[in-house]
Amino acid sequence: GEGVALCGVVALQSGFGEGKYARQEPAVHGLWPEVGAYGDSKCVPAADLDPPETLLGCYEDLDFQRHEFAKHGSCAGVADARAYVAATCALAAAPLSLMRGLPNIVEMRSAVEAAGYEVFHQDGPDHAQLFLSACKPPNGDWVLAPAKTFPDVCGGWPPVEARICVRRERGPACARDDECALLSGCLRCARSGFCTAEPMPARRTSARR
């Protein structure tokens, strides 16, 4: 919505999925700003992009926690990995408590919605996840809120430069490749002085005669 720079979803695993999505109890997957092809959220980089060195909060696997921060937390407008995990776990706590002990994802969704949380999307049976709408105000923590209320709950952001790269569009300004390396979708700093999602063109070699 207007004036809202950061919005996305909190992904919750019901436990009724298949493979790694089969669990004894529901659990949090992650807090995902809907950037790039997923939505119109901006990428607001974390102040500190260093990966977490220890297991934090409600996660059970350090490698998975690192993956979530690198892929999603790096654009979530938080201070660091610890702040990202704290925000994720805080948002997930109440909905997960409503989901525990219920026999299927249909009843889980009903319980979550009855408590006032908006389910933005529900996965198919392979993953069986619920995605709850969330946004971040400019001077506060991420909150769960219906998407239609985002401008009231999370509005007031000043203009935010896009910090991602998509194909055939100019990315953030840069001077060196390493300035683009940690930005979502960016591959390099182009000669134009902007990050790009386009790979370096292959050099043409003349055939020997």
# chains A, B, ... in the order shown; residues from 1 in each chain; ligands from 1
>>> closest_atom_pairs(of="range 92-121 of chain A", to="range 142-149 of chain A", cutoff="10 Å", atoms="only C-alpha atoms", output="Markdown table")
| residue | atom | partner | partner_atom | distance |
| --- | --- | --- | --- | --- |
| A:Ala92 | CA | A:Leu144 | CA | 9.2 |
| A:Gly116 | CA | A:Ala145 | CA | 8.6 |
| A:Tyr117 | CA | A:Ala145 | CA | 6.8 |
| A:Glu118 | CA | A:Pro146 | CA | 5.3 |
| A:Val119 | CA | A:Pro146 | CA | 8.4 |
| A:Phe120 | CA | A:Ala147 | CA | 8.2 |
>>> residues_around(residues="Cys89 in chain A", least_positions_apart="4", cutoff="10 Å", atoms="only C-alpha atoms", output="ChimeraX atom specification")
/A:10,27-31,56-59,83-85,93-94,96
>>> write_last_selection(atoms="C-alpha atoms", output="mmCIF file, in the first residue's frame")
data_model
loop_
_atom_site.group_PDB
_atom_site.id
_atom_site.type_symbol
_atom_site.label_atom_id
_atom_site.label_comp_id
_atom_site.auth_asym_id
_atom_site.auth_seq_id
_atom_site.Cartn_x
_atom_site.Cartn_y
_atom_site.Cartn_z
ATOM 1 C CA VAL A 10 5.102 -15.226 7.948
ATOM 2 C CA ALA A 27 6.606 -24.688 13.334
ATOM 3 C CA VAL A 28 7.742 -21.415 11.849
ATOM 4 C CA HIS A 29 9.401 -21.446 8.437
ATOM 5 C CA GLY A 30 10.309 -17.780 8.159
ATOM 6 C CA LEU A 31 9.442 -14.115 7.806
ATOM 7 C CA LEU A 56 18.667 -18.487 18.056
ATOM 8 C CA GLY A 57 15.049 -18.274 19.152
ATOM 9 C CA CYS A 58 12.524 -20.754 17.830
ATOM 10 C CA TYR A 59 14.665 -22.367 15.129
ATOM 11 C CA ALA A 83 16.822 -9.196 15.379
ATOM 12 C CA TYR A 84 15.415 -11.055 12.361
ATOM 13 C CA VAL A 85 15.017 -14.295 14.296
ATOM 14 C CA ALA A 93 4.260 -17.568 18.579
ATOM 15 C CA ALA A 94 0.540 -16.816 18.953
ATOM 16 C CA LEU A 96 1.414 -21.511 16.295
#
>>> select_by_dssp(residues="range 12-72 of chain A", states="helix (DSSP H, G or I)", output="PDB file with N, CA, C and O atoms, in the first residue's frame")
ATOM      1  N   GLY A  19       7.665 -35.165   3.212  1.00  0.00           N
ATOM      2  CA  GLY A  19       9.112 -35.060   3.317  1.00  0.00           C
ATOM      3  C   GLY A  19       9.521 -34.193   4.486  1.00  0.00           C
ATOM      4  O   GLY A  19       9.080 -34.391   5.622  1.00  0.00           O
ATOM      5  N   LYS A  20      10.368 -33.189   4.225  1.00  0.00           N
ATOM      6  CA  LYS A  20      10.847 -32.322   5.304  1.00  0.00           C
ATOM      7  C   LYS A  20       9.752 -31.438   5.873  1.00  0.00           C
ATOM      8  O   LYS A  20       9.942 -30.795   6.909  1.00  0.00           O
ATOM      9  N   TYR A  21       8.591 -31.399   5.222  1.00  0.00           N
ATOM     10  CA  TYR A  21       7.465 -30.609   5.728  1.00  0.00           C
ATOM     11  C   TYR A  21       6.532 -31.438   6.618  1.00  0.00           C
ATOM     12  O   TYR A  21       5.508 -30.934   7.084  1.00  0.00           O
ATOM     13  N   GLY A  36      10.767  -8.372  -5.192  1.00  0.00           N
ATOM     14  CA  GLY A  36      10.973  -8.895  -6.534  1.00  0.00           C
ATOM     15  C   GLY A  36       9.715  -9.466  -7.138  1.00  0.00           C
ATOM     16  O   GLY A  36       8.652  -8.844  -7.131  1.00  0.00           O
ATOM     17  N   ALA A  37       9.807 -10.694  -7.656  1.00  0.00           N
ATOM     18  CA  ALA A  37       8.676 -11.332  -8.327  1.00  0.00           C
ATOM     19  C   ALA A  37       7.565 -11.739  -7.369  1.00  0.00           C
ATOM     20  O   ALA A  37       6.460 -12.071  -7.799  1.00  0.00           O
ATOM     21  N   TYR A  38       7.834 -11.698  -6.058  1.00  0.00           N
ATOM     22  CA  TYR A  38       6.850 -12.167  -5.084  1.00  0.00           C
ATOM     23  C   TYR A  38       5.852 -11.095  -4.659  1.00  0.00           C
ATOM     24  O   TYR A  38       4.810 -11.402  -4.080  1.00  0.00           O
ATOM     25  N   LEU A  62      20.728 -24.721  12.687  1.00  0.00           N
ATOM     26  CA  LEU A  62      21.526 -23.527  12.436  1.00  0.00           C
ATOM     27  C   LEU A  62      21.664 -23.244  10.946  1.00  0.00           C
ATOM     28  O   LEU A  62      21.566 -22.089  10.508  1.00  0.00           O
ATOM     29  N   ASP A  63      21.887 -24.277  10.130  1.00  0.00           N
ATOM     30  CA  ASP A  63      22.030 -24.052   8.695  1.00  0.00           C
ATOM     31  C   ASP A  63      20.742 -23.489   8.101  1.00  0.00           C
ATOM     32  O   ASP A  63      20.777 -22.602   7.237  1.00  0.00           O
ATOM     33  N   PHE A  64      19.610 -24.004   8.544  1.00  0.00           N
ATOM     34  CA  PHE A  64      18.328 -23.496   8.045  1.00  0.00           C
ATOM     35  C   PHE A  64      18.115 -22.052   8.493  1.00  0.00           C
ATOM     36  O   PHE A  64      17.639 -21.211   7.728  1.00  0.00           O
ATOM     37  N   GLN A  65      18.485 -21.757   9.723  1.00  0.00           N
ATOM     38  CA  GLN A  65      18.382 -20.390  10.237  1.00  0.00           C
ATOM     39  C   GLN A  65      19.245 -19.444   9.411  1.00  0.00           C
ATOM     40  O   GLN A  65      18.820 -18.335   9.067  1.00  0.00           O
ATOM     41  N   ARG A  66      20.437 -19.862   9.073  1.00  0.00           N
ATOM     42  CA  ARG A  66      21.322 -19.048   8.235  1.00  0.00           C
ATOM     43  C   ARG A  66      20.716 -18.834   6.849  1.00  0.00           C
ATOM     44  O   ARG A  66      20.788 -17.740   6.277  1.00  0.00           O
ATOM     45  N   HIS A  67      20.141 -19.882   6.302  1.00  0.00           N
ATOM     46  CA  HIS A  67      19.492 -19.777   4.990  1.00  0.00           C
ATOM     47  C   HIS A  67      18.359 -18.757   5.020  1.00  0.00           C
ATOM     48  O   HIS A  67      18.251 -17.920   4.110  1.00  0.00           O
ATOM     49  N   GLU A  68      17.519 -18.809   6.031  1.00  0.00           N
ATOM     50  CA  GLU A  68      16.384 -17.890   6.120  1.00  0.00           C
ATOM     51  C   GLU A  68      16.855 -16.441   6.234  1.00  0.00           C
ATOM     52  O   GLU A  68      16.289 -15.541   5.612  1.00  0.00           O
ATOM     53  N   PHE A  69      17.907 -16.216   7.018  1.00  0.00           N
ATOM     54  CA  PHE A  69      18.397 -14.842   7.150  1.00  0.00           C
ATOM     55  C   PHE A  69      19.023 -14.361   5.846  1.00  0.00           C
ATOM     56  O   PHE A  69      18.779 -13.222   5.416  1.00  0.00           O
ATOM     57  N   ALA A  70      19.823 -15.201   5.201  1.00  0.00           N
ATOM     58  CA  ALA A  70      20.478 -14.794   3.959  1.00  0.00           C
ATOM     59  C   ALA A  70      19.463 -14.507   2.862  1.00  0.00           C
ATOM     60  O   ALA A  70      19.590 -13.531   2.118  1.00  0.00           O
ATOM     61  N   LYS A  71      18.433 -15.335   2.762  1.00  0.00           N
ATOM     62  CA  LYS A  71      17.466 -15.193   1.675  1.00  0.00           C
ATOM     63  C   LYS A  71      16.400 -14.149   1.965  1.00  0.00           C
ATOM     64  O   LYS A  71      15.966 -13.427   1.063  1.00  0.00           O
TER      65      LYS A  71
END
>>> atom_distance(atom1="CA of Pro137 in chain A", atom2="CA of Ala173 in chain A")
25.3 Å
>>> residues_around(residues="Leu183 in chain A", least_positions_apart="5", cutoff="9 Å", atoms="only C-alpha atoms", output="number ranges by chain")
A: 43, 45, 74-75, 163-165, 172, 195
>>> residues_around(residues="Arg168 in chain A", least_positions_apart="2", cutoff="10 Å", atoms="only C-alpha atoms", output="compact mmCIF listing (two decimals) with all heavy atoms, in the first residue's frame")
# COMPACT_ATOMS: atom_id res chain seq x y z
N CYS A 165 17.61 -6.50 -7.69
CA CYS A 165 17.80 -6.47 -9.13
C CYS A 165 16.82 -7.43 -9.79
O CYS A 165 16.61 -8.55 -9.29
CB CYS A 165 19.22 -6.88 -9.52
SG CYS A 165 20.51 -5.71 -9.03
N VAL A 166 16.20 -7.00 -10.86
CA VAL A 166 15.37 -7.87 -11.68
C VAL A 166 15.84 -7.73 -13.12
O VAL A 166 16.41 -6.70 -13.51
CB VAL A 166 13.87 -7.51 -11.57
CG1 VAL A 166 13.37 -7.76 -10.15
CG2 VAL A 166 13.61 -6.06 -11.96
N ARG A 170 17.19 -1.51 -14.26
CA ARG A 170 18.38 -0.99 -13.58
C ARG A 170 18.26 -1.18 -12.07
O ARG A 170 17.23 -0.89 -11.50
CB ARG A 170 18.54 0.49 -13.92
CG ARG A 170 19.86 1.07 -13.54
CD ARG A 170 19.99 2.48 -14.09
NE ARG A 170 19.11 3.42 -13.39
CZ ARG A 170 19.05 4.71 -13.66
NH1 ARG A 170 19.78 5.22 -14.63
NH2 ARG A 170 18.25 5.50 -12.97
N GLY A 171 19.31 -1.67 -11.45
CA GLY A 171 19.32 -1.86 -10.01
C GLY A 171 19.90 -0.67 -9.27
O GLY A 171 20.03 0.42 -9.83
N THR A 196 23.13 -5.01 -11.62
CA THR A 196 22.31 -5.63 -12.65
C THR A 196 22.11 -7.11 -12.36
O THR A 196 22.95 -7.75 -11.71
CB THR A 196 22.95 -5.45 -14.04
OG1 THR A 196 22.12 -6.09 -15.03
CG2 THR A 196 24.35 -6.08 -14.10
N ALA A 197 21.00 -7.64 -12.85
CA ALA A 197 20.73 -9.07 -12.76
C ALA A 197 21.20 -9.81 -14.01
O ALA A 197 21.03 -11.02 -14.10
CB ALA A 197 19.22 -9.30 -12.57
N GLU A 198 21.78 -9.06 -14.95
CA GLU A 198 22.24 -9.67 -16.19
C GLU A 198 23.67 -10.20 -16.01
O GLU A 198 24.54 -9.48 -15.53
CB GLU A 198 22.22 -8.64 -17.32
CG GLU A 198 20.89 -7.94 -17.51
CD GLU A 198 19.79 -8.86 -17.98
OE1 GLU A 198 20.12 -9.93 -18.56
OE2 GLU A 198 18.62 -8.53 -17.77
>>> closest_residue(among="A:His72, A:Arg23, A:Arg109, A:Arg191", to="His121 in chain A", atoms="only C-alpha atoms")
A:Arg109
>>> atom_distance(atom1="CA of Glu53 in chain A", atom2="CA of Ala81 in chain A")
9.2 Å
>>> closest_residue(among="A:Arg82, A:Lys136, A:Arg167, A:Arg176", to="Trp32 in chain A", atoms="only C-alpha atoms")
A:Lys136
>>> closest_residue(among="A:Asp80, A:Ser14, A:Gly8, A:Pro52", to="Val106 in chain A", atoms="only C-alpha atoms")
A:Ser14
>>> select_by_dssp(residues="range 21-200 of chain A", states="strand (DSSP E or B)", output="PyMOL selection string")
chain A and resi 22+27-33+44+76+119-122+129-136+143-144+164+173+184+188-189+194-196
>>> residues_around(residues="Ala47 in chain A", least_positions_apart="3", cutoff="8 Å", atoms="only C-alpha atoms", output="VMD selection string")
chain A and resid 77 to 80
>>> closest_residue(among="A:Leu12, A:Cys174, A:Val35, A:Val160", to="Met99 in chain A", atoms="only C-alpha atoms")
A:Leu12
